[in-house]
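The file coords.csv comes next; it holds CSV, C-alpha atoms.
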```csv
chain,number,residue,atom,x,y,z
C,160,MET,CA,0.0,0.0,0.0
C,161,THR,CA,1.2,3.5,-0.9
C,162,ALA,CA,0.6,6.6,1.2
C,163,MET,CA,0.4,9.3,-1.5
C,164,THR,CA,1.3,13.0,-1.3
C,165,PRO,CA,-0.1,15.8,-3.4
C,166,GLY,CA,0.9,15.4,-7.0
C,167,SER,CA,2.1,11.8,-6.6
C,168,ASN,CA,0.8,9.0,-8.9
C,169,ILE,CA,0.7,5.2,-9.0
C,170,PRO,CA,0.1,2.8,-11.9
C,171,LEU,CA,-3.1,0.8,-11.5
C,172,PRO,CA,-2.6,-2.9,-11.5
C,173,ALA,CA,-6.3,-3.6,-11.7
C,174,THR,CA,-8.8,-2.7,-14.5
C,175,ARG,CA,-11.5,-1.9,-11.9
C,176,VAL,CA,-10.7,0.4,-9.1
C,177,ALA,CA,-12.9,2.0,-6.4
C,178,VAL,CA,-12.1,5.2,-4.6
C,179,ASP,CA,-13.8,5.8,-1.3
C,180,VAL,CA,-13.4,8.9,0.9
C,181,SER,CA,-13.8,8.7,4.6
C,182,ALA,CA,-13.8,11.5,7.3
C,183,PRO,CA,-15.0,12.2,10.8
C,184,VAL,CA,-18.1,13.8,9.2
C,185,ARG,CA,-20.3,12.4,6.4
C,186,LEU,CA,-19.2,13.3,2.9
C,187,ASP,CA,-20.9,13.3,-0.5
C,188,VAL,CA,-18.5,11.8,-3.1
C,189,SER,CA,-18.9,12.3,-6.9
C,190,GLY,CA,-17.1,11.5,-10.1
C,191,LEU,CA,-16.7,13.4,-13.4
C,192,LEU,CA,-15.6,12.0,-16.7
C,193,LEU,CA,-13.4,14.5,-18.5
C,194,THR,CA,-12.1,14.8,-22.1
C,195,ALA,CA,-8.7,16.0,-23.1
C,196,ASP,CA,-9.8,19.6,-22.6
C,197,GLY,CA,-10.7,19.0,-19.0
C,198,LYS,CA,-14.5,19.2,-19.5
C,199,VAL,CA,-17.4,16.8,-19.4
C,200,ARG,CA,-19.1,16.0,-22.7
C,201,SER,CA,-22.5,16.6,-21.2
C,202,ASP,CA,-24.2,16.6,-17.8
C,203,ASP,CA,-24.5,12.8,-18.1
C,204,ASP,CA,-20.8,12.7,-17.2
C,205,PHE,CA,-21.4,13.9,-13.7
C,206,ILE,CA,-21.8,10.9,-11.5
C,207,PHE,CA,-23.3,11.4,-8.0
C,208,TYR,CA,-26.1,10.4,-5.7
C,209,ASN,CA,-28.8,11.8,-8.0
C,210,GLN,CA,-27.2,10.2,-11.1
C,211,PRO,CA,-25.3,7.1,-9.9
C,212,SER,CA,-24.1,5.5,-13.1
C,213,GLY,CA,-22.4,6.5,-16.3
C,214,PRO,CA,-20.2,4.9,-18.9
C,215,GLY,CA,-17.6,3.0,-17.0
C,216,VAL,CA,-18.2,4.9,-13.8
C,217,THR,CA,-20.6,4.2,-10.9
C,218,TYR,CA,-21.4,5.8,-7.6
C,219,ARG,CA,-22.1,3.8,-4.4
C,220,SER,CA,-23.6,5.3,-1.3
C,221,GLY,CA,-22.3,4.2,2.1
C,222,GLY,CA,-25.7,4.9,3.6
C,223,GLY,CA,-24.1,6.8,6.5
C,224,THR,CA,-22.4,3.6,7.8
C,225,ALA,CA,-19.6,3.4,5.3
C,226,PRO,CA,-17.9,6.0,3.0
C,227,ASP,CA,-19.4,6.8,-0.4
C,228,ALA,CA,-17.3,5.5,-3.3
C,229,ILE,CA,-16.8,6.0,-7.0
C,230,THR,CA,-15.9,2.8,-9.0
C,231,VAL,CA,-14.1,3.1,-12.4
C,232,ASP,CA,-14.1,0.2,-14.9
C,233,THR,CA,-11.2,1.3,-17.1
C,234,THR,CA,-12.2,-1.2,-19.8
C,235,ALA,CA,-15.7,0.4,-20.1
C,236,VAL,CA,-14.6,4.0,-20.1
C,237,PRO,CA,-15.6,5.4,-23.6
C,238,PRO,CA,-13.0,6.6,-26.1
C,239,GLY,CA,-12.2,10.3,-25.7
C,240,ILE,CA,-12.5,10.2,-21.9
C,241,GLU,CA,-8.9,10.7,-20.5
C,242,LYS,CA,-9.6,11.4,-16.8
C,243,ILE,CA,-12.1,10.7,-14.1
C,244,VAL,CA,-11.9,13.1,-11.1
C,245,VAL,CA,-13.2,12.0,-7.7
C,246,THR,CA,-14.6,14.8,-5.6
C,247,ALA,CA,-15.8,15.1,-2.0
C,248,SER,CA,-17.8,17.7,-0.1
C,249,PRO,CA,-19.3,17.6,3.5
C,250,ASP,CA,-22.9,16.4,3.5
C,251,ALA,CA,-23.9,19.2,6.0
C,252,ALA,CA,-24.9,22.4,4.1
C,253,GLY,CA,-22.2,25.1,4.3
C,254,GLN,CA,-19.7,23.0,6.3
C,255,SER,CA,-16.1,23.4,5.3
C,256,PHE,CA,-13.1,21.1,5.6
C,257,GLN,CA,-11.8,23.2,8.5
C,258,GLY,CA,-10.9,20.7,11.2
C,259,VAL,CA,-11.8,17.7,9.0
C,260,GLU,CA,-9.2,15.5,7.4
C,261,PRO,CA,-10.7,13.3,4.7
C,262,THR,CA,-8.8,10.2,3.5
C,263,ALA,CA,-9.2,8.7,0.0
C,264,THR,CA,-8.6,5.0,-0.3
C,265,ILE,CA,-7.9,3.5,-3.7
C,266,ARG,CA,-8.9,-0.2,-3.9
C,267,ASN,CA,-8.9,-3.0,-6.3
C,268,ALA,CA,-12.7,-3.1,-6.9
C,269,ASP,CA,-12.7,-6.9,-7.4
C,270,ASP,CA,-11.0,-8.1,-4.3
C,271,GLY,CA,-11.1,-5.0,-2.1
C,272,SER,CA,-7.3,-4.8,-1.6
C,273,VAL,CA,-5.9,-1.4,-0.8
C,274,LEU,CA,-3.6,0.1,-3.5
C,275,ALA,CA,-3.0,3.5,-2.0
C,276,THR,CA,-4.3,6.2,0.5
C,277,PHE,CA,-4.2,10.0,0.3
C,278,THR,CA,-5.0,12.6,3.0
C,279,PRO,CA,-4.9,16.2,1.7
C,280,PRO,CA,-2.8,18.4,4.1
C,281,GLN,CA,-3.6,21.8,5.5
C,282,LEU,CA,-7.3,22.2,4.6
C,283,GLY,CA,-9.2,25.2,5.7
C,284,THR,CA,-12.3,27.0,4.4
C,285,GLU,CA,-12.7,24.7,1.4
C,286,THR,CA,-16.2,23.3,1.0
C,287,ALA,CA,-15.4,20.8,-1.7
C,288,LEU,CA,-12.3,19.0,-3.0
C,289,VAL,CA,-11.0,17.3,-6.1
C,290,ILE,CA,-9.2,14.6,-4.1
C,291,VAL,CA,-8.0,12.0,-6.6
C,292,GLU,CA,-8.0,11.5,-10.4
C,293,VAL,CA,-7.9,8.3,-12.4
C,294,TYR,CA,-6.2,9.1,-15.7
C,295,LEU,CA,-5.0,7.6,-19.0
C,296,ARG,CA,-1.4,8.2,-20.0
C,297,ASN,CA,0.4,6.5,-22.9
C,298,GLY,CA,-2.2,3.8,-23.0
C,299,ALA,CA,-1.9,2.9,-19.3
C,300,TRP,CA,-4.3,3.9,-16.4
C,301,LYS,CA,-2.9,5.6,-13.3
C,302,ALA,CA,-4.1,7.4,-10.2
C,303,ARG,CA,-2.9,10.8,-9.0
C,304,ALA,CA,-3.4,12.5,-5.6
C,305,VAL,CA,-4.7,16.0,-6.1
C,306,GLY,CA,-6.3,17.7,-3.1
C,307,GLN,CA,-7.5,20.9,-4.9
C,308,GLY,CA,-10.0,22.8,-2.8
C,309,TYR,CA,-13.0,24.9,-3.8
C,310,ALA,CA,-14.7,27.5,-1.6
C,311,ASN,CA,-18.0,27.4,-3.4
C,312,GLY,CA,-18.8,23.8,-2.9
C,313,LEU,CA,-19.6,21.0,-5.2
C,314,ALA,CA,-21.4,23.4,-7.5
C,315,GLY,CA,-18.1,25.2,-8.0
C,316,ILE,CA,-16.4,22.0,-9.1
C,317,ALA,CA,-19.2,21.0,-11.4
C,318,THR,CA,-19.3,24.4,-13.1
C,319,ASP,CA,-15.5,24.4,-13.5
C,320,PHE,CA,-15.6,21.1,-15.4
C,321,GLY,CA,-18.5,22.2,-17.7
C,322,VAL,CA,-21.6,20.8,-15.9
C,323,THR,CA,-24.6,23.0,-16.2
C,324,VAL,CA,-25.7,23.9,-12.7
C,325,GLU,CA,-29.1,25.3,-11.9
C,326,GLU,CA,-29.2,26.8,-8.5
C,327,PRO,CA,-32.8,27.2,-7.3
C,328,THR,CA,-33.8,30.6,-6.1
C,329,PRO,CA,-35.4,30.6,-2.7
C,330,ALA,CA,-38.9,32.1,-2.5
C,331,PRO,CA,-38.9,35.6,-1.0
C,332,ALA,CA,-40.1,35.8,2.6
C,333,PRO,CA,-43.0,38.0,3.6
C,334,ALA,CA,-41.9,41.5,4.2
C,335,ALA,CA,-42.9,41.5,7.9
C,336,ALA,CA,-40.9,38.3,8.7
C,337,PRO,CA,-37.1,37.7,8.7
C,338,ALA,CA,-36.0,35.7,5.7
C,339,ALA,CA,-35.6,32.0,6.6
C,340,PRO,CA,-32.3,30.3,5.5
C,341,PRO,CA,-32.8,28.3,2.3
C,342,GLN,CA,-33.1,24.6,2.5
C,343,PRO,CA,-31.3,22.1,0.2
C,344,ALA,CA,-33.4,21.0,-2.7
C,345,ALA,CA,-35.0,17.5,-2.2
C,346,PRO,CA,-33.0,14.8,-4.1
C,347,MET,CA,-34.5,14.3,-7.5
C,348,ALA,CA,-32.9,12.5,-10.4
C,349,PRO,CA,-32.6,15.0,-13.3
C,350,PRO,CA,-33.8,14.0,-16.7
C,351,THR,CA,-31.0,13.3,-19.3
C,352,GLY,CA,-29.5,16.5,-20.4
C,353,ALA,CA,-31.3,18.6,-17.8
C,354,PRO,CA,-29.3,21.1,-15.7
C,355,VAL,CA,-28.0,19.4,-12.5
C,356,GLN,CA,-29.9,20.7,-9.4
C,357,MET,CA,-27.5,21.8,-6.6
C,358,PRO,CA,-28.4,23.0,-3.1
C,359,PRO,CA,-28.8,26.8,-2.9
C,360,PRO,CA,-26.0,28.9,-1.5
C,361,PRO,CA,-26.4,30.4,2.0
C,362,ALA,CA,-28.3,33.7,2.1
C,363,ALA,CA,-26.2,36.8,2.3
C,364,ALA,CA,-26.3,38.9,5.4
C,365,PRO,CA,-28.2,42.2,5.2
C,366,ALA,CA,-26.1,45.2,4.6
C,367,GLY,CA,-24.6,46.5,7.8
C,368,ALA,CA,-25.3,43.3,9.8
C,369,PRO,CA,-22.4,41.7,11.7
C,370,ALA,CA,-21.1,38.7,9.8
C,371,ALA,CA,-21.8,35.4,11.5
C,372,PRO,CA,-18.9,33.0,11.6
C,373,ALA,CA,-19.1,30.4,8.8
C,374,PRO,CA,-19.4,26.8,9.9
C,375,GLY,CA,-16.0,25.5,10.8
C,376,ALA,CA,-14.4,28.9,10.5
C,377,GLY,CA,-11.8,30.3,12.7
C,378,LYS,CA,-9.9,27.1,13.7
C,379,ILE,CA,-7.2,28.0,16.2
C,380,ASN,CA,-5.1,26.3,18.8
C,381,LEU,CA,-4.5,26.9,22.5
C,382,ASP,CA,-1.0,28.4,22.3
C,383,LYS,CA,-2.3,31.8,23.3
C,384,GLY,CA,-4.3,30.5,26.2
C,385,ARG,CA,-8.1,30.4,26.9
C,386,VAL,CA,-10.3,30.6,23.8
C,387,SER,CA,-13.9,32.0,23.7
C,388,LEU,CA,-15.8,30.4,20.9
C,389,GLN,CA,-18.8,31.7,18.9
C,390,LYS,CA,-21.3,29.3,17.3
C,391,ASN,CA,-19.7,27.0,14.6
C,392,GLN,CA,-16.1,28.1,15.5
C,393,THR,CA,-13.5,25.4,16.0
C,394,VAL,CA,-10.5,25.1,18.2
C,395,SER,CA,-7.8,22.5,17.9
C,396,LEU,CA,-6.9,21.0,21.3
C,397,VAL,CA,-3.2,21.6,20.7
C,398,LYS,CA,-0.8,23.5,22.8
C,399,GLY,CA,2.8,24.1,21.9
C,400,GLY,CA,2.4,21.9,18.9
C,401,ARG,CA,1.5,18.8,20.9
C,402,PRO,CA,-2.0,17.3,21.3
C,403,LEU,CA,-3.7,17.5,24.7
C,404,LEU,CA,-4.1,13.8,25.3
C,405,SER,CA,-4.5,14.2,29.1
C,406,GLN,CA,-7.8,14.3,30.9
C,407,VAL,CA,-10.3,17.1,30.1
C,408,LYS,CA,-13.5,18.1,31.8
C,409,MET,CA,-16.6,19.5,30.0
C,410,GLY,CA,-18.5,21.7,32.5
C,411,LEU,CA,-22.0,22.7,31.6
C,412,GLY,CA,-24.0,25.3,33.5
C,413,TRP,CA,-27.3,27.3,33.5
C,414,GLU,CA,-29.5,29.4,35.6
C,415,PRO,CA,-33.3,29.9,35.5
C,416,ALA,CA,-34.4,32.9,33.6
C,417,PHE,CA,-35.4,36.1,35.5
C,418,ARG,CA,-38.3,35.2,37.9
C,419,GLY,CA,-38.2,31.6,36.5
C,420,LYS,CA,-38.7,28.6,38.7
C,421,ASP,CA,-36.1,25.9,39.2
C,422,ILE,CA,-35.3,24.0,36.0
C,423,ASP,CA,-34.0,20.4,35.7
C,424,LEU,CA,-31.6,20.2,32.9
C,425,ASP,CA,-29.5,17.1,32.1
C,426,ALA,CA,-26.1,17.2,30.6
C,427,SER,CA,-25.0,14.2,28.5
C,428,VAL,CA,-22.3,13.1,26.1
C,429,ILE,CA,-22.9,10.8,23.1
C,430,ALA,CA,-20.0,8.8,21.6
C,431,TYR,CA,-19.8,7.9,17.9
C,432,GLY,CA,-17.6,5.8,15.6
C,433,PRO,CA,-16.1,6.9,12.3
C,434,GLN,CA,-19.3,6.4,10.3
C,435,ARG,CA,-21.4,8.4,12.8
C,436,ASN,CA,-22.5,5.1,14.4
C,437,HIS,CA,-23.7,5.4,18.0
C,438,ILE,CA,-21.4,3.7,20.4
C,439,ASP,CA,-22.7,4.8,23.9
C,440,SER,CA,-24.2,7.6,25.9
C,441,CYS,CA,-23.2,9.0,29.3
C,442,TYR,CA,-25.8,10.7,31.3
C,443,PHE,CA,-27.4,10.9,34.8
C,444,GLY,CA,-28.7,7.3,34.4
C,445,LYS,CA,-25.4,5.9,33.2
C,446,LEU,CA,-22.5,7.8,34.9
C,447,LYS,CA,-19.6,5.9,33.4
C,448,ILE,CA,-19.0,4.5,29.8
C,449,LEU,CA,-16.2,3.2,27.7
C,450,LYS,CA,-14.5,1.5,30.7
C,451,GLY,CA,-14.3,4.7,32.6
C,452,ALA,CA,-12.9,6.9,29.9
C,453,VAL,CA,-16.0,9.1,30.2
C,454,LYS,CA,-17.6,9.9,33.6
C,455,HIS,CA,-20.6,12.0,34.6
C,456,SER,CA,-20.7,14.0,37.8
C,457,GLY,CA,-24.4,13.3,38.5
C,458,ASP,CA,-27.7,15.1,38.1
C,459,ASN,CA,-28.4,18.7,39.2
C,460,LEU,CA,-32.1,19.1,39.7
C,461,THR,CA,-32.3,22.9,39.9
C,462,GLY,CA,-29.5,24.7,38.2
C,463,GLU,CA,-28.8,26.6,41.4
C,464,GLY,CA,-25.4,27.2,42.9
C,465,GLY,CA,-22.2,28.7,41.6
C,466,GLY,CA,-19.9,27.1,39.0
C,467,ASP,CA,-20.7,24.2,36.7
C,468,ASP,CA,-24.0,22.5,37.3
C,469,GLU,CA,-22.9,19.2,35.7
C,470,VAL,CA,-19.4,18.0,34.7
C,471,ILE,CA,-18.4,15.3,32.3
C,472,VAL,CA,-14.8,14.0,32.6
C,473,VAL,CA,-13.2,12.6,29.4
C,474,ASP,CA,-9.8,10.9,29.4
C,475,LEU,CA,-9.0,11.5,25.7
C,476,GLY,CA,-6.0,9.2,25.8
C,477,ALA,CA,-8.0,6.3,27.2
C,478,LEU,CA,-10.8,6.5,24.6
C,479,PRO,CA,-10.9,3.4,22.4
C,480,PRO,CA,-9.7,4.0,18.8
C,481,GLU,CA,-13.2,3.4,17.4
C,482,VAL,CA,-14.5,6.5,19.2
C,483,THR,CA,-13.9,9.4,16.8
C,484,GLY,CA,-16.6,11.9,17.9
C,485,LEU,CA,-18.2,13.1,21.1
C,486,VAL,CA,-21.3,15.4,21.2
C,487,PHE,CA,-22.2,17.2,24.4
C,488,THR,CA,-25.9,17.8,24.9
C,489,VAL,CA,-28.3,19.4,27.4
C,490,ASN,CA,-31.9,18.4,27.8
C,491,SER,CA,-34.9,19.7,29.8
C,492,PHE,CA,-36.3,16.6,31.3
C,493,SER,CA,-39.0,18.6,33.0
C,494,GLY,CA,-40.2,19.9,29.6
C,495,GLN,CA,-39.3,23.6,30.2
C,496,LYS,CA,-38.0,25.4,27.1
C,497,PHE,CA,-34.6,26.9,26.8
C,498,THR,CA,-36.2,30.3,26.5
C,499,GLU,CA,-36.7,29.9,30.3
C,500,VAL,CA,-33.0,29.3,30.8
C,501,ALA,CA,-30.4,32.0,31.4
C,502,LYS,CA,-26.6,31.9,31.1
C,503,ALA,CA,-26.3,28.5,29.5
C,504,TYR,CA,-22.7,27.7,28.7
C,505,CYS,CA,-20.2,24.9,28.3
C,506,ARG,CA,-16.5,25.1,29.0
C,507,LEU,CA,-13.6,22.7,28.6
C,508,LEU,CA,-11.0,22.5,31.4
C,509,ASP,CA,-7.7,20.8,31.8
C,510,GLY,CA,-8.5,17.8,34.0
C,511,ALA,CA,-5.2,17.9,35.8
C,512,THR,CA,-4.9,21.7,36.5
C,513,GLY,CA,-8.5,22.9,36.3
C,514,GLU,CA,-7.5,25.6,33.9
C,515,GLU,CA,-10.3,26.7,31.6
C,516,LEU,CA,-9.2,26.1,28.0
C,517,VAL,CA,-12.3,26.8,25.9
C,518,ARG,CA,-15.7,28.5,26.7
C,519,PHE,CA,-18.9,28.8,24.7
C,520,ASP,CA,-21.8,30.9,25.9
C,521,LEU,CA,-25.2,30.1,24.4
C,522,THR,CA,-26.4,33.6,23.7
C,523,ASN,CA,-29.6,32.9,21.7
C,524,ALA,CA,-32.2,30.4,22.9
C,525,GLU,CA,-35.1,28.7,21.1
C,526,ALA,CA,-38.3,27.3,22.6
C,527,GLN,CA,-37.0,23.7,22.4
C,528,THR,CA,-36.2,21.1,25.1
C,529,GLY,CA,-32.8,20.0,23.8
C,530,VAL,CA,-29.6,21.6,22.6
C,531,MET,CA,-26.3,20.3,21.2
C,532,MET,CA,-23.7,22.4,22.9
C,533,ALA,CA,-20.4,21.2,21.4
C,534,LYS,CA,-18.6,18.4,19.7
C,535,LEU,CA,-15.1,16.9,19.9
C,536,ILE,CA,-13.8,15.2,16.8
C,537,ARG,CA,-10.7,13.1,16.6
C,538,GLN,CA,-8.6,13.9,13.5
C,539,PHE,CA,-6.6,11.3,11.6
C,540,SER,CA,-3.4,12.9,13.1
C,541,GLY,CA,-4.8,11.9,16.6
C,542,GLU,CA,-5.5,15.5,17.6
C,543,TRP,CA,-9.0,16.5,18.8
C,544,ASP,CA,-10.9,19.5,17.7
C,545,MET,CA,-13.8,21.2,19.6
C,546,THR,CA,-16.5,23.0,17.7
C,547,ALA,CA,-19.2,25.1,19.4
C,548,MET,CA,-22.7,24.1,18.2
C,549,GLY,CA,-25.7,25.7,19.9
C,550,ASP,CA,-28.2,23.7,17.8
C,551,PHE,CA,-31.6,23.2,19.3
C,552,VAL,CA,-33.7,19.9,19.1
C,553,LYS,CA,-37.1,18.9,20.3
C,554,SER,CA,-36.1,16.2,22.8
C,555,ARG,CA,-36.4,15.9,26.6
C,556,THR,CA,-33.9,13.0,26.9
C,557,VAL,CA,-30.5,12.1,25.5
C,558,ARG,CA,-32.1,9.2,23.6
C,559,GLY,CA,-33.8,11.6,21.3
C,560,MET,CA,-30.5,13.4,20.7
C,561,VAL,CA,-28.6,10.4,19.2
C,562,LYS,CA,-29.9,10.8,15.6
C,563,PRO,CA,-29.7,14.6,15.2
C,564,ALA,CA,-26.2,14.7,16.9
C,565,ALA,CA,-25.0,12.0,14.5
C,566,GLN,CA,-26.2,14.1,11.6
C,567,ALA,CA,-24.4,17.1,13.0
C,568,LEU,CA,-21.0,15.4,13.1
```

Could you take the file, read its structure, and then write that structure out as C-alpha cells?
Amino acid sequence: MTAMTPGSNIPLPATRVAVDVSAPVRLDVSGLLLTADGKVRSDDDFIFYNQPSGPGVTYRSGGGTAPDAITVDTTAVPPGIEKIVVTASPDAAGQSFQGVEPTATIRNADDGSVLATFTPPQLGTETALVIVEVYLRNGAWKARAVGQGYANGLAGIATDFGVTVEEPTPAPAPAAAPAAPPQPAAPMAPPTGAPVQMPPPPAAAPAGAPAAPAPGAGKINLDKGRVSLQKNQTVSLVKGGRPLLSQVKMGLGWEPAFRGKDIDLDASVIAYGPQRNHIDSCYFGKLKILKGAVKHSGDNLTGEGGGDDEVIVVDLGALPPEVTGLVFTVNSFSGQKFTEVAKAYCRLLDGATGEELVRFDLTNAEAQTGVMMAKLIRQFSGEWDMTAMGDFVKSRTVRGMVKPAAQAL
C-alpha cells in the first residue's frame, strides 16, 4: 500500500478500481468523466447520488455507515475520456473542511485490496475537493493524488468542469418576517441533459449586519491561552504543537431565567464511531461509559449554585480508537423550554490543573427542550478539535438526541 502525497501518482494494476473517501463527518462523493480539454461531454458525465451511473463509472452510497465510493471500470470508459476526477464535499450544508481530514482510499474493486491512500494536508475553508483523479497516460491507467480545494462547494467543481448547474432561487419571505435560511433541494434525479440541481447557497447577510462566523471557520489552537468560541467556530486542542491527550472536563451550567422557577436540565455526552455510528451515551442514568474513559458528575435538579451544574470528565488518551466523535448535549427533562434558561454555557477544562481552556456561551435560545452544545472530533493525526454548536432539538432526553447529533458530526 502506498501513502500518497499531493501530485504523486501510481500505476493501476487492476482494471476496476474503487475510490472511497472517509472523514469524521459524512461526505458526498462524486465523479466526473473528462475529455482532453478537461471538461465533461454533457451533464451525463457527472456521476453522483442523483445520477449514480455513467459509462464505466458508478457511484455507491455508504448509507451513512460506510464511505461513499466511485468505481471506475477502465475497460468500459468510452473513447475520448482521459480522466475521471473524484470529488468530496461535506454532507452538511455550508460546512467546510476546516478541522476535518478526509482520506481517499484507492482499492482493487474486485478483491477490495488497498492500493493507496491519500489525506490532503492543511485544509481550511474549502467546502469541496478534487481529491483523486484516475487518468490515462500512454495507454496505461494511473491514479494521482490532487487535493485541490473549492470555496464554493460541489457546484463550483461541477461548473469548473463544464456541468450546467441550476441553483434554485429561494422564494422571497414575507416583508414582515425575517428571511428563513434556504433549505437544500430534495434529491430528485434530473432528466437526461437537464441542468443538475444543486443546493442553494447560504443567504447573504443584510447590509450592515455583523457577519456570522461560517461553519467550521476560525480554527485556532490553545497556544495563546483560553479561547472563547462563537457558534460554529472550531479550536484544535493543541498547545505548543502537541495534542492535549490528558484528561479534560466539560463543564455545563445554566440558571433559571429572571423570575423563573427551578429548572431540571440534564447534561450528557454521546460517543460515535467513524461512520457516525452510535457507540454509547453517558448521562445521569449511566454515569460511566467506555471502561471509565468518560464519567458524569451526576444530576443537578435545579441549576442553582455557583460554578458548573454538571461536569463530564473525558480521558482522551483512554478512549478506544473506534471513538472518533463526542457530542455534548443538554436536555430539559421537566419539559421547560430553553427560553426559560439564562446563562447556559459549556467550558472545557484541563482535567489535571482545572485551567479553563475553551468556553462557549449560548447567547440565543429557542423554545425547544434539547440543545447540542459542542462536539469533539478526533482527527486522523490523533488530535482532537472542539466545535461550538448551539443547535436546538425537540427532545427531553438524550435518547432523542442520538440521531440529530450524528447528523451534526

Could you name the residues that touch Arg401 of chain C at 12 Å or less, counting all atoms listed in the file, but leaving out those on the same chain fewer than 6 positions away, as a list of chain:residue names?
->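 Counting all atoms listed in the file, the residues come to C:Asn380, C:Leu381, C:Asp382, C:Ser395, C:Ser540, C:Gly541, C:Glu542, C:Trp543.
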
Can I get the selection written as a PDB file, in the coordinates of the input, with C-alpha atoms?
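And here is the file that came out, selection_16.pdb:
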```
ATOM      1  CA  ASN C 380      -5.100  26.300  18.800  1.00  0.00           C
ATOM      2  CA  LEU C 381      -4.500  26.900  22.500  1.00  0.00           C
ATOM      3  CA  ASP C 382      -1.000  28.400  22.300  1.00  0.00           C
ATOM      4  CA  SER C 395      -7.800  22.500  17.900  1.00  0.00           C
ATOM      5  CA  SER C 540      -3.400  12.900  13.100  1.00  0.00           C
ATOM      6  CA  GLY C 541      -4.800  11.900  16.600  1.00  0.00           C
ATOM      7  CA  GLU C 542      -5.500  15.500  17.600  1.00  0.00           C
ATOM      8  CA  TRP C 543      -9.000  16.500  18.800  1.00  0.00           C
TER       9      TRP C 543
END
```

Compare C:Ala430, C:Asp509, C:Thr498, C:Tyr208 by their minimum atom-to-atom distance to Lys398 of chain C, counting only C-alpha atoms, and give me the closest one.
->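 Using only C-alpha atoms, the shortest distance to Lys398 of chain C belongs to C:Asp509.
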
Sel. within 6 Å of pt (-22.9, 25.4, 33.4), counting all atoms listed in the file, output as a list in words =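 Using all atoms listed in the file, the matching residues come out as Gly410, Leu411, Gly412, Trp413, Asp467, Asp468, Tyr504 and Cys505 of chain C.
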
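Pairwise distance (atom CA of Phe207 of chain C, atom CA of Leu313 of chain C) equals 10.7 Å.
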
C:Asp439, C:Asp232, C:Asp269, C:Glu241: which is nearest Gly213 of chain C, counting all atoms listed in the file?
-> C:Asp232

With only C-alpha atoms as the atoms that count, which of C:Leu193, C:Ile206, C:Val473, C:Ala287 lies nearest to Leu403 of chain C?
-> C:Val473

Polymer residues at most 6 Å from (-19.3, 9.3, 1.3) by only C-alpha atoms, as a ChimeraX atom specification = /C:180,186-188,221,226-227

For atom CA of Thr528 of chain C and atom CA of Ala252 of chain C, determine how far apart the two atoms are, in Å to one decimal place.
->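 Computing the Euclidean distance for atom CA of Thr528 of chain C and atom CA of Ala252 of chain C yields 23.9 Å.
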
In Å, with one decimal, what is the gap from atom CA of Leu516 of chain C to atom CA of Ile379 of chain C?
->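 Atom CA of Leu516 of chain C sits 12.1 Å away from atom CA of Ile379 of chain C.
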
Between C:Leu171, C:Ile448, C:Ala310, C:Val231, which one has atoms that come closest to Arg296 of chain C, using all atoms listed in the file?
->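 Smallest separation from Arg296 of chain C among the options: C:Leu171.
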
Smallest atom-to-atom distance to Gly321 of chain C: which of C:Gly253, C:Gly197, C:Pro433, C:Gly222, using all atoms listed in the file?
->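 Comparing C:Gly253, C:Gly197, C:Pro433, C:Gly222 against Gly321 of chain C, the winner is C:Gly197.
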
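Of the residues listed (C:Asn436, C:Gln210, C:Thr323, C:Ser248), C:Ser248 shows the shortest atom-to-atom separation from Asn311 of chain C; distances use all atoms listed in the file.
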
For Ala182 of chain C: contacts at 9 Å, only C-alpha atoms, fewer than 6 positions along chain excluded, given as a tab-separated table (two decimals) with C-alpha atoms, in the coordinates of the input:
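Saved file around01.tsv follows:
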```
chain	number	residue	atom	x	y	z
C	226	PRO	CA	-17.90	6.00	3.00
C	259	VAL	CA	-11.80	17.70	9.00
C	260	GLU	CA	-9.20	15.50	7.40
C	261	PRO	CA	-10.70	13.30	4.70
C	262	THR	CA	-8.80	10.20	3.50
C	433	PRO	CA	-16.10	6.90	12.30
C	434	GLN	CA	-19.30	6.40	10.30
C	538	GLN	CA	-8.60	13.90	13.50
C	539	PHE	CA	-6.60	11.30	11.60
```

Residues within 7 Å of Leu424 of chain C, all atoms listed in the file, excluding chain neighbours under 5 positions, as a list in words = Leu460, Val489, Asn490, Ser491 and Phe492 of chain C

Prev. selection, C-alpha atoms, output as an mmCIF file, in the coordinates of the input:
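Saved the output as part22.cif:
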```
data_model
loop_
_atom_site.group_PDB
_atom_site.id
_atom_site.type_symbol
_atom_site.label_atom_id
_atom_site.label_comp_id
_atom_site.auth_asym_id
_atom_site.auth_seq_id
_atom_site.Cartn_x
_atom_site.Cartn_y
_atom_site.Cartn_z
ATOM 1 C CA LEU C 460 -32.100 19.100 39.700
ATOM 2 C CA VAL C 489 -28.300 19.400 27.400
ATOM 3 C CA ASN C 490 -31.900 18.400 27.800
ATOM 4 C CA SER C 491 -34.900 19.700 29.800
ATOM 5 C CA PHE C 492 -36.300 16.600 31.300
#
```
